[in-house]
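Engineer: Quick one, query.cif (mmCIF, C-alpha atoms and all ligand atoms):
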data_protein
#
loop_
_atom_site.label_atom_id
_atom_site.label_comp_id
_atom_site.auth_asym_id
_atom_site.auth_seq_id
_atom_site.Cartn_x
_atom_site.Cartn_y
_atom_site.Cartn_z
CA MET A 1 89.55 139.82 116.08
CA ASP A 2 91.05 143.12 114.83
CA ASN A 3 94.20 142.48 112.93
CA PRO A 4 93.92 138.66 113.11
CA PRO A 5 97.18 136.72 113.53
CA LYS A 6 98.31 135.15 110.27
CA VAL A 7 99.09 131.45 110.13
CA LEU A 8 101.01 129.76 107.33
CA VAL A 9 100.42 126.03 106.98
CA CYS A 10 103.48 124.60 105.20
CA ASP A 11 102.66 120.89 105.00
CA LYS A 12 99.62 118.67 104.57
CA ILE A 13 97.77 119.09 107.84
CA HIS A 14 94.35 117.68 108.80
CA LYS A 15 91.60 120.22 108.18
CA ALA A 16 90.13 119.90 111.70
CA GLY A 17 92.90 122.00 113.23
CA ILE A 18 92.78 124.54 110.39
CA GLU A 19 89.00 124.94 110.87
CA ARG A 20 89.50 125.41 114.60
CA LEU A 21 92.00 128.23 113.97
CA LYS A 22 89.70 129.92 111.44
CA ASP A 23 86.76 129.67 113.87
CA ALA A 24 88.92 131.36 116.49
CA GLY A 25 89.53 134.26 114.09
CA PHE A 26 93.00 133.43 112.74
CA LYS A 27 93.76 134.15 109.09
CA VAL A 28 95.06 130.86 107.72
CA THR A 29 96.97 130.41 104.47
CA VAL A 30 97.71 126.87 103.31
CA VAL A 31 100.67 126.26 101.00
CA GLU A 32 101.14 122.51 101.22
CA GLU A 33 104.67 121.46 100.26
CA ILE A 34 105.96 125.00 100.22
CA SER A 35 109.51 125.18 98.87
CA HIS A 36 112.34 126.43 101.07
CA ASP A 37 112.85 129.53 98.89
CA GLU A 38 109.15 130.34 98.88
CA LEU A 39 109.05 130.00 102.67
CA LEU A 40 112.03 132.35 103.02
CA ASN A 41 110.23 134.88 100.80
CA VAL A 42 106.90 134.92 102.61
CA VAL A 43 107.63 133.96 106.22
CA SER A 44 107.99 137.58 107.41
CA GLU A 45 104.24 138.07 106.88
CA TYR A 46 103.22 135.44 109.44
CA GLU A 47 102.90 135.20 113.22
CA VAL A 48 102.55 131.40 113.14
CA ILE A 49 103.89 128.68 110.90
CA MET A 50 102.60 125.12 111.09
CA VAL A 51 104.82 122.31 109.83
CA ARG A 52 105.14 118.55 109.89
CA SER A 53 108.55 116.92 109.43
CA ARG A 54 109.00 117.82 105.73
CA THR A 55 109.50 121.58 106.14
CA LYS A 56 112.88 122.53 107.55
CA VAL A 57 112.76 125.58 109.78
CA GLY A 58 116.42 126.49 110.07
CA ARG A 59 118.12 129.63 111.33
CA ASP A 60 117.77 131.25 107.88
CA VAL A 61 113.97 130.92 107.99
CA ILE A 62 113.83 132.13 111.60
CA GLU A 63 115.98 135.16 110.83
CA ALA A 64 113.73 136.07 107.90
CA ALA A 65 110.61 135.67 110.05
CA LYS A 66 110.32 139.18 111.47
CA ASN A 67 106.81 138.73 112.93
CA LEU A 68 106.95 135.07 113.92
CA ARG A 69 105.65 134.21 117.41
CA VAL A 70 105.00 130.47 117.16
CA ILE A 71 106.42 127.52 115.23
CA ALA A 72 103.92 124.69 115.53
CA ARG A 73 105.03 121.16 114.74
CA VAL A 74 101.96 119.01 114.00
CA GLY A 75 103.52 115.86 115.39
CA VAL A 76 106.40 115.17 117.76
CA GLY A 77 110.15 115.66 117.38
CA THR A 78 111.53 119.11 116.67
CA ASP A 79 114.68 118.00 114.85
CA ASN A 80 113.50 119.79 111.67
CA ILE A 81 113.38 123.07 113.62
CA ASP A 82 116.33 125.11 114.87
CA VAL A 83 114.94 125.36 118.39
CA ASP A 84 117.95 127.33 119.69
CA ALA A 85 117.55 129.99 116.99
CA ALA A 86 113.82 130.19 117.79
CA ARG A 87 114.51 130.53 121.51
CA GLU A 88 117.02 133.35 120.90
CA ARG A 89 114.24 135.28 119.14
CA GLY A 90 111.62 134.47 121.80
CA ILE A 91 109.62 132.32 119.36
CA GLU A 92 107.59 129.53 120.96
CA VAL A 93 108.05 126.03 119.51
CA ILE A 94 105.11 123.75 120.19
CA CYS A 95 104.33 120.13 119.27
CA ALA A 96 101.50 117.65 119.51
CA GLY A 97 101.92 115.54 122.63
CA ASP A 98 100.12 112.23 122.85
CA ALA A 99 98.22 112.51 119.58
CA VAL A 100 100.54 110.33 117.50
CA ALA A 101 101.89 107.93 120.13
CA ASN A 102 99.36 105.16 119.62
CA ALA A 103 99.68 105.26 115.82
CA THR A 104 103.47 104.97 116.06
CA ALA A 105 103.28 102.21 118.64
CA GLU A 106 100.83 100.21 116.51
CA LEU A 107 103.15 100.55 113.50
CA THR A 108 106.00 99.29 115.68
CA ILE A 109 104.03 96.17 116.62
CA GLY A 110 103.03 95.70 112.98
CA LEU A 111 106.69 95.80 111.95
CA MET A 112 107.65 93.32 114.68
CA LEU A 113 105.00 90.91 113.37
CA ALA A 114 105.99 91.51 109.74
CA LEU A 115 109.64 90.74 110.55
CA SER A 116 108.74 87.64 112.55
CA ARG A 117 106.63 86.09 109.79
CA ASN A 118 108.42 87.41 106.66
CA ILE A 119 105.13 89.02 105.65
CA CYS A 120 106.59 91.60 103.25
CA LEU A 121 108.90 89.19 101.48
CA LEU A 122 106.20 86.51 101.07
CA ASN A 123 103.70 89.13 99.89
CA ASP A 124 106.17 90.18 97.16
CA GLU A 125 106.74 86.54 96.16
CA MET A 126 103.02 85.77 96.02
CA LYS A 127 102.50 88.71 93.69
CA LYS A 128 105.25 87.37 91.44
CA GLY A 129 103.33 84.07 91.32
CA ASN A 130 105.59 82.20 93.76
CA TRP A 131 103.95 79.96 96.38
CA LEU A 132 106.72 79.59 98.96
CA LYS A 133 104.79 77.76 101.64
CA GLY A 134 107.29 75.89 103.79
CA LYS A 135 110.36 77.79 102.61
CA TYR A 136 110.32 80.41 105.35
CA GLU A 137 109.67 79.49 108.94
CA GLY A 138 108.58 82.36 111.15
CA VAL A 139 108.87 82.90 114.87
CA GLU A 140 106.29 84.00 117.42
CA LEU A 141 106.31 87.04 119.67
CA ARG A 142 104.85 85.08 122.54
CA GLY A 143 107.38 84.42 125.27
CA LYS A 144 110.09 86.52 123.61
CA THR A 145 111.85 89.46 125.21
CA VAL A 146 111.32 92.98 123.89
CA GLY A 147 113.82 95.70 124.77
CA ILE A 148 112.33 99.18 124.58
CA ILE A 149 114.83 102.06 124.45
CA GLY A 150 113.15 105.37 125.35
CA VAL A 151 110.10 104.98 127.56
CA GLY A 152 108.16 108.15 126.74
CA ARG A 153 104.78 108.37 125.05
CA VAL A 154 105.49 105.93 122.21
CA GLY A 155 107.75 103.58 124.18
CA ARG A 156 105.14 103.21 126.92
CA ARG A 157 102.38 102.43 124.47
CA VAL A 158 104.60 99.82 122.79
CA ALA A 159 105.22 98.25 126.21
CA GLU A 160 101.48 98.13 126.90
CA LEU A 161 100.74 96.54 123.53
CA THR A 162 103.48 93.90 123.81
CA ARG A 163 101.78 92.61 126.97
CA ALA A 164 99.00 91.29 124.71
CA PHE A 165 101.62 88.96 123.19
CA ASP A 166 102.90 87.75 126.56
CA MET A 167 106.33 89.22 125.89
CA GLU A 168 108.85 89.92 128.60
CA VAL A 169 109.41 93.69 128.73
CA LEU A 170 112.81 95.32 129.30
CA LEU A 171 113.00 99.08 129.48
CA ASN A 172 115.77 101.63 129.18
CA ASP A 173 115.58 105.38 129.64
CA VAL A 174 117.79 108.17 130.92
CA VAL A 175 115.07 109.27 133.32
CA LEU A 176 113.59 107.20 136.10
CA ILE A 177 110.73 105.00 134.93
CA PRO A 178 107.89 105.23 137.46
CA GLU A 179 107.41 102.12 139.59
CA ASP A 180 103.67 101.95 138.83
CA PHE A 181 104.40 101.80 135.08
CA LEU A 182 107.00 99.04 135.56
CA LYS A 183 104.34 97.11 137.49
CA LYS A 184 101.65 97.80 134.91
CA VAL A 185 103.68 96.22 132.08
CA SER A 186 105.55 93.75 134.31
CA GLY A 187 108.68 95.43 132.97
CA ARG A 188 112.13 95.92 134.38
CA PHE A 189 114.75 98.59 133.79
CA LEU A 190 118.10 97.51 132.32
CA PRO A 191 121.16 99.54 131.31
CA LEU A 192 121.44 99.81 127.51
CA SER A 193 124.25 97.26 127.15
CA GLU A 194 122.34 94.67 129.22
CA LEU A 195 119.13 95.32 127.33
CA LEU A 196 120.92 94.76 123.99
CA LYS A 197 122.31 91.43 125.19
CA ALA A 198 118.99 90.16 126.53
CA SER A 199 116.41 91.23 123.92
CA ASP A 200 114.96 89.20 121.05
CA TYR A 201 113.33 92.37 119.71
CA ILE A 202 114.86 95.82 120.20
CA THR A 203 112.80 98.89 119.50
CA LEU A 204 113.93 102.52 119.66
CA HIS A 205 111.74 105.38 120.89
CA VAL A 206 114.18 108.16 121.78
CA PRO A 207 114.21 111.70 120.36
CA LEU A 208 117.09 112.71 118.07
CA THR A 209 119.37 114.96 120.12
CA PRO A 210 123.16 115.39 120.23
CA SER A 211 123.27 112.74 122.98
CA THR A 212 121.15 110.15 121.11
CA ARG A 213 122.77 110.62 117.68
CA LYS A 214 124.17 107.17 116.75
CA LEU A 215 123.05 105.78 120.11
CA LEU A 216 123.32 102.38 118.42
CA ASN A 217 126.75 102.25 116.85
CA ARG A 218 129.79 100.09 116.09
CA ASP A 219 130.78 100.06 119.77
CA ASN A 220 127.55 98.53 121.06
CA ILE A 221 125.74 96.90 118.13
CA HIS A 222 127.88 93.74 118.57
CA LEU A 223 126.36 93.36 122.05
CA ILE A 224 122.98 92.57 120.50
CA LYS A 225 121.91 88.96 121.02
CA ARG A 226 122.70 87.03 117.85
CA GLY A 227 119.58 86.65 115.70
CA ALA A 228 117.57 89.46 117.32
CA PHE A 229 115.26 91.78 115.38
CA LEU A 230 115.50 95.58 115.45
CA VAL A 231 112.72 98.11 114.84
CA ASN A 232 113.25 101.85 114.51
CA THR A 233 110.25 104.15 114.28
CA SER A 234 111.94 107.04 116.16
CA ARG A 235 114.54 108.93 114.09
CA GLY A 236 117.05 107.52 111.61
CA GLY A 237 119.93 109.46 113.14
CA VAL A 238 119.82 107.45 116.37
CA ILE A 239 121.43 104.50 114.56
CA ASP A 240 124.75 104.37 112.74
CA GLU A 241 123.38 102.98 109.47
CA GLU A 242 126.75 101.54 108.39
CA ALA A 243 127.01 99.58 111.65
CA LEU A 244 123.41 98.44 111.18
CA TYR A 245 124.20 97.24 107.65
CA GLU A 246 127.11 95.16 108.94
CA ALA A 247 125.03 93.69 111.76
CA LEU A 248 122.40 92.62 109.23
CA VAL A 249 124.89 91.14 106.78
CA THR A 250 126.79 89.19 109.43
CA GLY A 251 123.60 87.80 110.98
CA ARG A 252 124.10 89.55 114.31
CA LEU A 253 120.63 90.92 113.53
CA ARG A 254 118.17 88.54 111.89
CA GLY A 255 116.18 91.45 110.50
CA ALA A 256 115.40 95.12 110.87
CA ALA A 257 112.34 97.23 110.18
CA LEU A 258 112.85 100.92 109.58
CA ASP A 259 110.34 103.75 109.31
CA VAL A 260 112.93 106.52 109.64
CA TYR A 261 116.31 107.25 108.07
CA SER A 262 119.30 109.48 108.70
CA VAL A 263 118.44 111.26 105.43
CA GLU A 264 114.85 111.30 104.20
CA PRO A 265 114.06 110.12 101.60
CA PRO A 266 116.91 107.67 102.30
CA VAL A 267 120.05 107.62 100.19
CA ASN A 268 121.58 104.50 101.76
CA LYS A 269 120.10 102.14 99.18
CA LYS A 270 122.34 99.18 100.06
CA LEU A 271 120.75 99.02 103.52
CA LEU A 272 117.21 99.08 102.15
CA GLU A 273 117.98 96.50 99.49
CA LEU A 274 118.90 93.83 102.04
CA PRO A 275 116.28 91.06 102.00
CA ASN A 276 116.09 91.09 105.80
CA VAL A 277 115.18 94.77 105.94
CA ILE A 278 111.59 96.02 105.86
CA CYS A 279 111.10 99.70 105.22
CA THR A 280 108.25 102.17 105.36
CA PRO A 281 108.41 105.88 104.40
CA HIS A 282 108.15 107.59 107.83
CA ILE A 283 104.49 106.70 108.35
CA GLY A 284 104.48 106.29 112.13
CA ALA A 285 102.04 109.13 112.69
CA GLN A 286 100.27 108.70 109.37
CA THR A 287 96.82 107.59 110.47
CA LEU A 288 93.54 109.41 110.10
CA GLU A 289 93.06 109.44 113.85
CA ALA A 290 96.55 110.67 114.72
CA GLN A 291 96.57 113.43 112.11
CA GLU A 292 93.18 114.70 113.17
CA LYS A 293 94.09 114.61 116.87
CA ALA A 294 97.50 116.24 116.27
CA SER A 295 96.07 119.10 114.22
CA ILE A 296 93.37 119.81 116.84
CA GLU A 297 95.86 119.57 119.70
CA VAL A 298 98.30 121.98 118.07
CA ALA A 299 95.58 124.41 116.94
CA SER A 300 94.21 124.50 120.50
CA LYS A 301 97.69 125.26 121.85
CA ILE A 302 98.10 128.12 119.35
CA ILE A 303 94.72 129.58 120.28
CA GLU A 304 95.56 129.30 123.98
CA LEU A 305 98.96 130.94 123.52
CA PHE A 306 97.50 133.88 121.60
CA SER A 307 94.64 134.43 124.00
CA TYR A 308 96.61 134.18 127.24
CA THR A 309 100.21 135.03 126.54
CA ILE A 310 101.08 136.64 123.26
CA ALA A 311 98.02 138.87 122.97
CA ARG A 312 98.84 140.41 126.35
CA SER A 313 102.55 140.94 125.70
P1 LIG B 401 108.96 111.33 124.33
O1 LIG B 401 109.68 112.60 124.50
O2 LIG B 401 107.61 111.18 124.95
O3 LIG B 401 109.87 110.11 124.85
C1 LIG B 401 111.22 109.98 124.54
C2 LIG B 401 111.88 109.24 125.69
O4 LIG B 401 113.23 108.95 125.33
C3 LIG B 401 111.91 110.04 127.00
O5 LIG B 401 111.37 109.28 128.05
C4 LIG B 401 113.40 110.34 127.19
O6 LIG B 401 113.78 110.42 128.55
C5 LIG B 401 114.00 109.13 126.50
N1 LIG B 401 115.41 109.29 126.17
C6 LIG B 401 116.06 110.42 125.77
N2 LIG B 401 117.37 110.15 125.57
C7 LIG B 401 117.53 108.84 125.85
C8 LIG B 401 118.66 107.97 125.83
N3 LIG B 401 119.89 108.41 125.49
N4 LIG B 401 118.49 106.69 126.19
C9 LIG B 401 117.26 106.22 126.55
N5 LIG B 401 116.15 107.00 126.59
C10 LIG B 401 116.30 108.29 126.25
O7 LIG B 401 108.89 111.07 122.77
P2 LIG B 401 107.82 110.17 122.00
O8 LIG B 401 106.62 110.98 121.70
O9 LIG B 401 107.69 108.87 122.71
O10 LIG B 401 108.61 109.95 120.63
C11 LIG B 401 109.77 109.15 120.60
C12 LIG B 401 110.46 109.26 119.26
O11 LIG B 401 109.61 108.81 118.24
C13 LIG B 401 110.85 110.68 118.86
O12 LIG B 401 112.09 110.61 118.19
C14 LIG B 401 109.85 111.09 117.86
O13 LIG B 401 110.34 112.05 116.99
C15 LIG B 401 109.62 109.75 117.18
N6 LIG B 401 108.34 109.66 116.51
C16 LIG B 401 108.33 109.18 115.23
C17 LIG B 401 107.13 109.06 114.56
C18 LIG B 401 107.10 108.51 113.17
O14 LIG B 401 106.34 109.01 112.35
N7 LIG B 401 107.86 107.48 112.86
C19 LIG B 401 105.94 109.45 115.18
C20 LIG B 401 105.99 109.90 116.50
C21 LIG B 401 107.20 109.99 117.16
#
Is it possible to express this structure as structure tokens?

Structural biologist:
Amino acid sequence: MDNPPKVLVCDKIHKAGIERLKDAGFKVTVVEEISHDELLNVVSEYEVIMVRSRTKVGRDVIEAAKNLRVIARVGVGTDNIDVDAARERGIEVICAGDAVANATAELTIGLMLALSRNICLLNDEMKKGNWLKGKYEGVELRGKTVGIIGVGRVGRRVAELTRAFDMEVLLNDVVLIPEDFLKKVSGRFLPLSELLKASDYITLHVPLTPSTRKLLNRDNIHLIKRGAFLVNTSRGGVIDEEALYEALVTGRLRGAALDVYSVEPPVNKKLLELPNVICTPHIGAQTLEAQEKASIEVASKIIELFSYTIARS
């Protein structure tokens, strides 16, 4: 390729996608964990930037990016990118589609099991030398009701996996859930308030947008069935963390498992310190398989865009 397009990789991204871009003739520079100032300084040299969720691509970066054609998010969720600013400049924003859905769904099931059997707490106690057999009684997933809010790629996979535990599946989305999927998981649609009242486990799989910010809040969290468990592997901002704290302290919620936080790394320490909260550091998509698939999927999209659209413009 004469004058090969330059790609800046800003976060730790699986090498498979980087190799694919190099093989296609792109000039790839990797600066894992680039600082915001460094990005602002160098971004004008690149046609493509590849990021995960760590790098924030705000209006300032986009305005400094004189040659930028594509912002590629190696994962899903574009809340770290100012998509409106990109659109105004005609910059394409692309994501990985299905690549990380299974990994995130499996983490969700893992967290549901960990909550149900106090696995994290008992693991900590064992390591301190405490044998607490008999002190904590768990509960089983079998026969319980799971309420899934957001029935996209991750939510659907969670629904499929919960069938293995013979759970009753309730689903909520703002778009129509296809009849064949409802049949496949023996699920039924419920409005949010009804789903909150009926579920033993509530799990969130919505994107963070102005309309989902604090989707669970003081006005509806009290509707949750007393003693239910909550899992959030979507985005921290979809829950009002103060309302969640109160629900956990008052026993409205028996426990919560969080992979995502309104600010990352989280600053709301009092929430994380509760004994009935399990927390992981935003690892939903953090599997070997998902990272490899996501980097290949995004690299292929970049190659396709440059060969069919951008190169001809
Ligand atoms: P998706 O776009 O495939 O599905 C999201 C679904 O939420 C859609 O069906 C949409 O209609 C629905 N939705 C939107 N607003 C809603 C509302 N107000 N009420 C109910 N449903 C609503 O997205 P996905 O790939 O399934 O990802 C879901 C979420 O998980 C995203 O926030 C994504 O960023 C997050 N995620 C997190 C990790 C992680 O590492 N923890 C990994 C992957 C995805």

Engineer: In Å to one decimal, how far is atom CA of Glu92 of chain A from atom CA of Gly150 of chain A?

Structural biologist: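 Going from atom CA of Gly150 of chain A over to atom CA of Glu92 of chain A, I get 25.2 Å.
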
Engineer: All residues within 7 Å of ligand LIG 401 (chain B) are required, counting only C-alpha atoms and all ligand atoms; please report them as number ranges by chain.

Structural biologist: A: 75-77, 97-98, 100-101, 104, 149-155, 172-175, 205-208, 211-212, 215, 233-235, 259-260, 282-286

Engineer: Write a file of the selected residues as a compact mmCIF listing (two decimals), in the coordinates of the input, keeping C-alpha atoms.

Structural biologist:
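Once everything was written out, this is out20.txt:
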# COMPACT_ATOMS: atom_id res chain seq x y z
CA GLY A 75 103.52 115.86 115.39
CA VAL A 76 106.40 115.17 117.76
CA GLY A 77 110.15 115.66 117.38
CA GLY A 97 101.92 115.54 122.63
CA ASP A 98 100.12 112.23 122.85
CA VAL A 100 100.54 110.33 117.50
CA ALA A 101 101.89 107.93 120.13
CA THR A 104 103.47 104.97 116.06
CA ILE A 149 114.83 102.06 124.45
CA GLY A 150 113.15 105.37 125.35
CA VAL A 151 110.10 104.98 127.56
CA GLY A 152 108.16 108.15 126.74
CA ARG A 153 104.78 108.37 125.05
CA VAL A 154 105.49 105.93 122.21
CA GLY A 155 107.75 103.58 124.18
CA ASN A 172 115.77 101.63 129.18
CA ASP A 173 115.58 105.38 129.64
CA VAL A 174 117.79 108.17 130.92
CA VAL A 175 115.07 109.27 133.32
CA HIS A 205 111.74 105.38 120.89
CA VAL A 206 114.18 108.16 121.78
CA PRO A 207 114.21 111.70 120.36
CA LEU A 208 117.09 112.71 118.07
CA SER A 211 123.27 112.74 122.98
CA THR A 212 121.15 110.15 121.11
CA LEU A 215 123.05 105.78 120.11
CA THR A 233 110.25 104.15 114.28
CA SER A 234 111.94 107.04 116.16
CA ARG A 235 114.54 108.93 114.09
CA ASP A 259 110.34 103.75 109.31
CA VAL A 260 112.93 106.52 109.64
CA HIS A 282 108.15 107.59 107.83
CA ILE A 283 104.49 106.70 108.35
CA GLY A 284 104.48 106.29 112.13
CA ALA A 285 102.04 109.13 112.69
CA GLN A 286 100.27 108.70 109.37

Engineer: When you draw a straight line from atom CA of Val249 of chain A to atom CA of Glu273 of chain A, how long is it in Å?

Structural biologist: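 Separation between atom CA of Val249 of chain A and atom CA of Glu273 of chain A: 11.4 Å.
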
Engineer: Could you state the separation of atom CA of Ile148 of chain A and atom CA of Ile224 of chain A in Å, given to one decimal place?

Structural biologist: 13.2 Å

Engineer: Given all atoms listed in the file as the basis, pick out the residue of A:Ala114, A:Leu182, A:Val43, A:Cys10 nearest to Asn276 of chain A.

Structural biologist: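 Of the candidates, the smallest distance to Asn276 of chain A is held by A:Ala114.
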
Engineer: Taking all atoms listed in the file into account, name the residue in A:Ile303, A:Leu122, A:Leu230, A:Val83 that is nearest to Val48 of chain A.

Structural biologist: A:Ile303

Engineer: Could you pull the residues within 12 Å of Glu160 of chain A, counting all atoms listed in the file, minus those fewer than 3 positions along the same chain, as a CSV table (one decimal) with C-alpha atoms, in the frame of the given file?

Structural biologist:
chain,number,residue,atom,x,y,z
A,101,ALA,CA,101.9,107.9,120.1
A,102,ASN,CA,99.4,105.2,119.6
A,105,ALA,CA,103.3,102.2,118.6
A,106,GLU,CA,100.8,100.2,116.5
A,109,ILE,CA,104.0,96.2,116.6
A,146,VAL,CA,111.3,93.0,123.9
A,148,ILE,CA,112.3,99.2,124.6
A,151,VAL,CA,110.1,105.0,127.6
A,153,ARG,CA,104.8,108.4,125.0
A,154,VAL,CA,105.5,105.9,122.2
A,155,GLY,CA,107.8,103.6,124.2
A,156,ARG,CA,105.1,103.2,126.9
A,157,ARG,CA,102.4,102.4,124.5
A,163,ARG,CA,101.8,92.6,127.0
A,164,ALA,CA,99.0,91.3,124.7
A,165,PHE,CA,101.6,89.0,123.2
A,166,ASP,CA,102.9,87.8,126.6
A,167,MET,CA,106.3,89.2,125.9
A,168,GLU,CA,108.8,89.9,128.6
A,169,VAL,CA,109.4,93.7,128.7
A,170,LEU,CA,112.8,95.3,129.3
A,171,LEU,CA,113.0,99.1,129.5
A,181,PHE,CA,104.4,101.8,135.1
A,182,LEU,CA,107.0,99.0,135.6
A,183,LYS,CA,104.3,97.1,137.5
A,184,LYS,CA,101.6,97.8,134.9
A,185,VAL,CA,103.7,96.2,132.1
A,186,SER,CA,105.6,93.8,134.3
A,187,GLY,CA,108.7,95.4,133.0

Engineer: In terms of the shortest atom-to-atom distance over all atoms listed in the file, which of A:Asp79, A:Ala256, A:Thr250, A:Gly25 is closest to Thr209 of chain A?

Structural biologist: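 Distance minimum relative to Thr209 of chain A lands on A:Asp79.
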
Engineer: For a quick check of understanding, using only C-alpha atoms, which of A:Leu141, A:Leu40, A:Glu45, A:Leu132 has the smallest distance to Val61 of chain A?

Structural biologist: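 Using only C-alpha atoms, the shortest distance to Val61 of chain A belongs to A:Leu40.
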
Engineer: Point out the residue among A:Ile296, A:Cys279, A:Ala16, A:Ile71 with the least atom-to-atom distance to Leu111 of chain A, counting only C-alpha atoms.

Structural biologist: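 Ranking A:Ile296, A:Cys279, A:Ala16, A:Ile71 by distance to Leu111 of chain A, first place goes to A:Cys279.
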
Engineer: With all atoms listed in the file as the basis for distance, which of A:His36, A:Arg69, A:Lys128, A:Arg52 is at the shortest distance from Cys95 of chain A?

Structural biologist: A:Arg52

Engineer: For segment 134-140 of chain A, work out the shell of residues within 7 Å, counting only C-alpha atoms and skipping chain neighbours fewer than 4 positions away, then give it as a ChimeraX atom specification.

Structural biologist: /A:116-118

Engineer: List the spatial neighbours of Lys15 of chain A as a list in words - criterion: any atom at most 12 Å away, only C-alpha atoms, same-chain residues fewer than 4 positions off excluded.

Structural biologist: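 Selected residues are Val9, Asp11, Glu19, Arg20, Leu21, Lys22, Val28, Val30, Val74, Leu288, Gln291, Glu292, Lys293, Ala294, Ser295, Ile296 and Ala299 of chain A.
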
Engineer: Give me, as CSV, the closest atom pair and its distance (Å, one decimal) for every residue of segment 140-159 of chain A within a cut-off of 7 Å of segment 194-201 of chain A, counting only C-alpha atoms, rows sorted by chain and rising number.

Structural biologist:
residue,atom,partner,partner_atom,distance
A:Lys144,CA,A:Asp200,CA,6.1
A:Thr145,CA,A:Ser199,CA,5.1
A:Val146,CA,A:Tyr201,CA,4.7
A:Gly147,CA,A:Ser199,CA,5.2

Engineer: Using all atoms listed in the file, which residues sit within 8 Å of Ile81 of chain A once same-chain residues fewer than 6 positions away are excluded, as a PDB file with C-alpha atoms, in the frame of the given file?

Structural biologist:
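The new file part-v1.pdb reads:
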ATOM      1  CA  LYS A  56     112.880 122.530 107.550  1.00  0.00           C
ATOM      2  CA  VAL A  57     112.760 125.580 109.780  1.00  0.00           C
ATOM      3  CA  GLY A  58     116.420 126.490 110.070  1.00  0.00           C
TER       4      GLY A  58
END
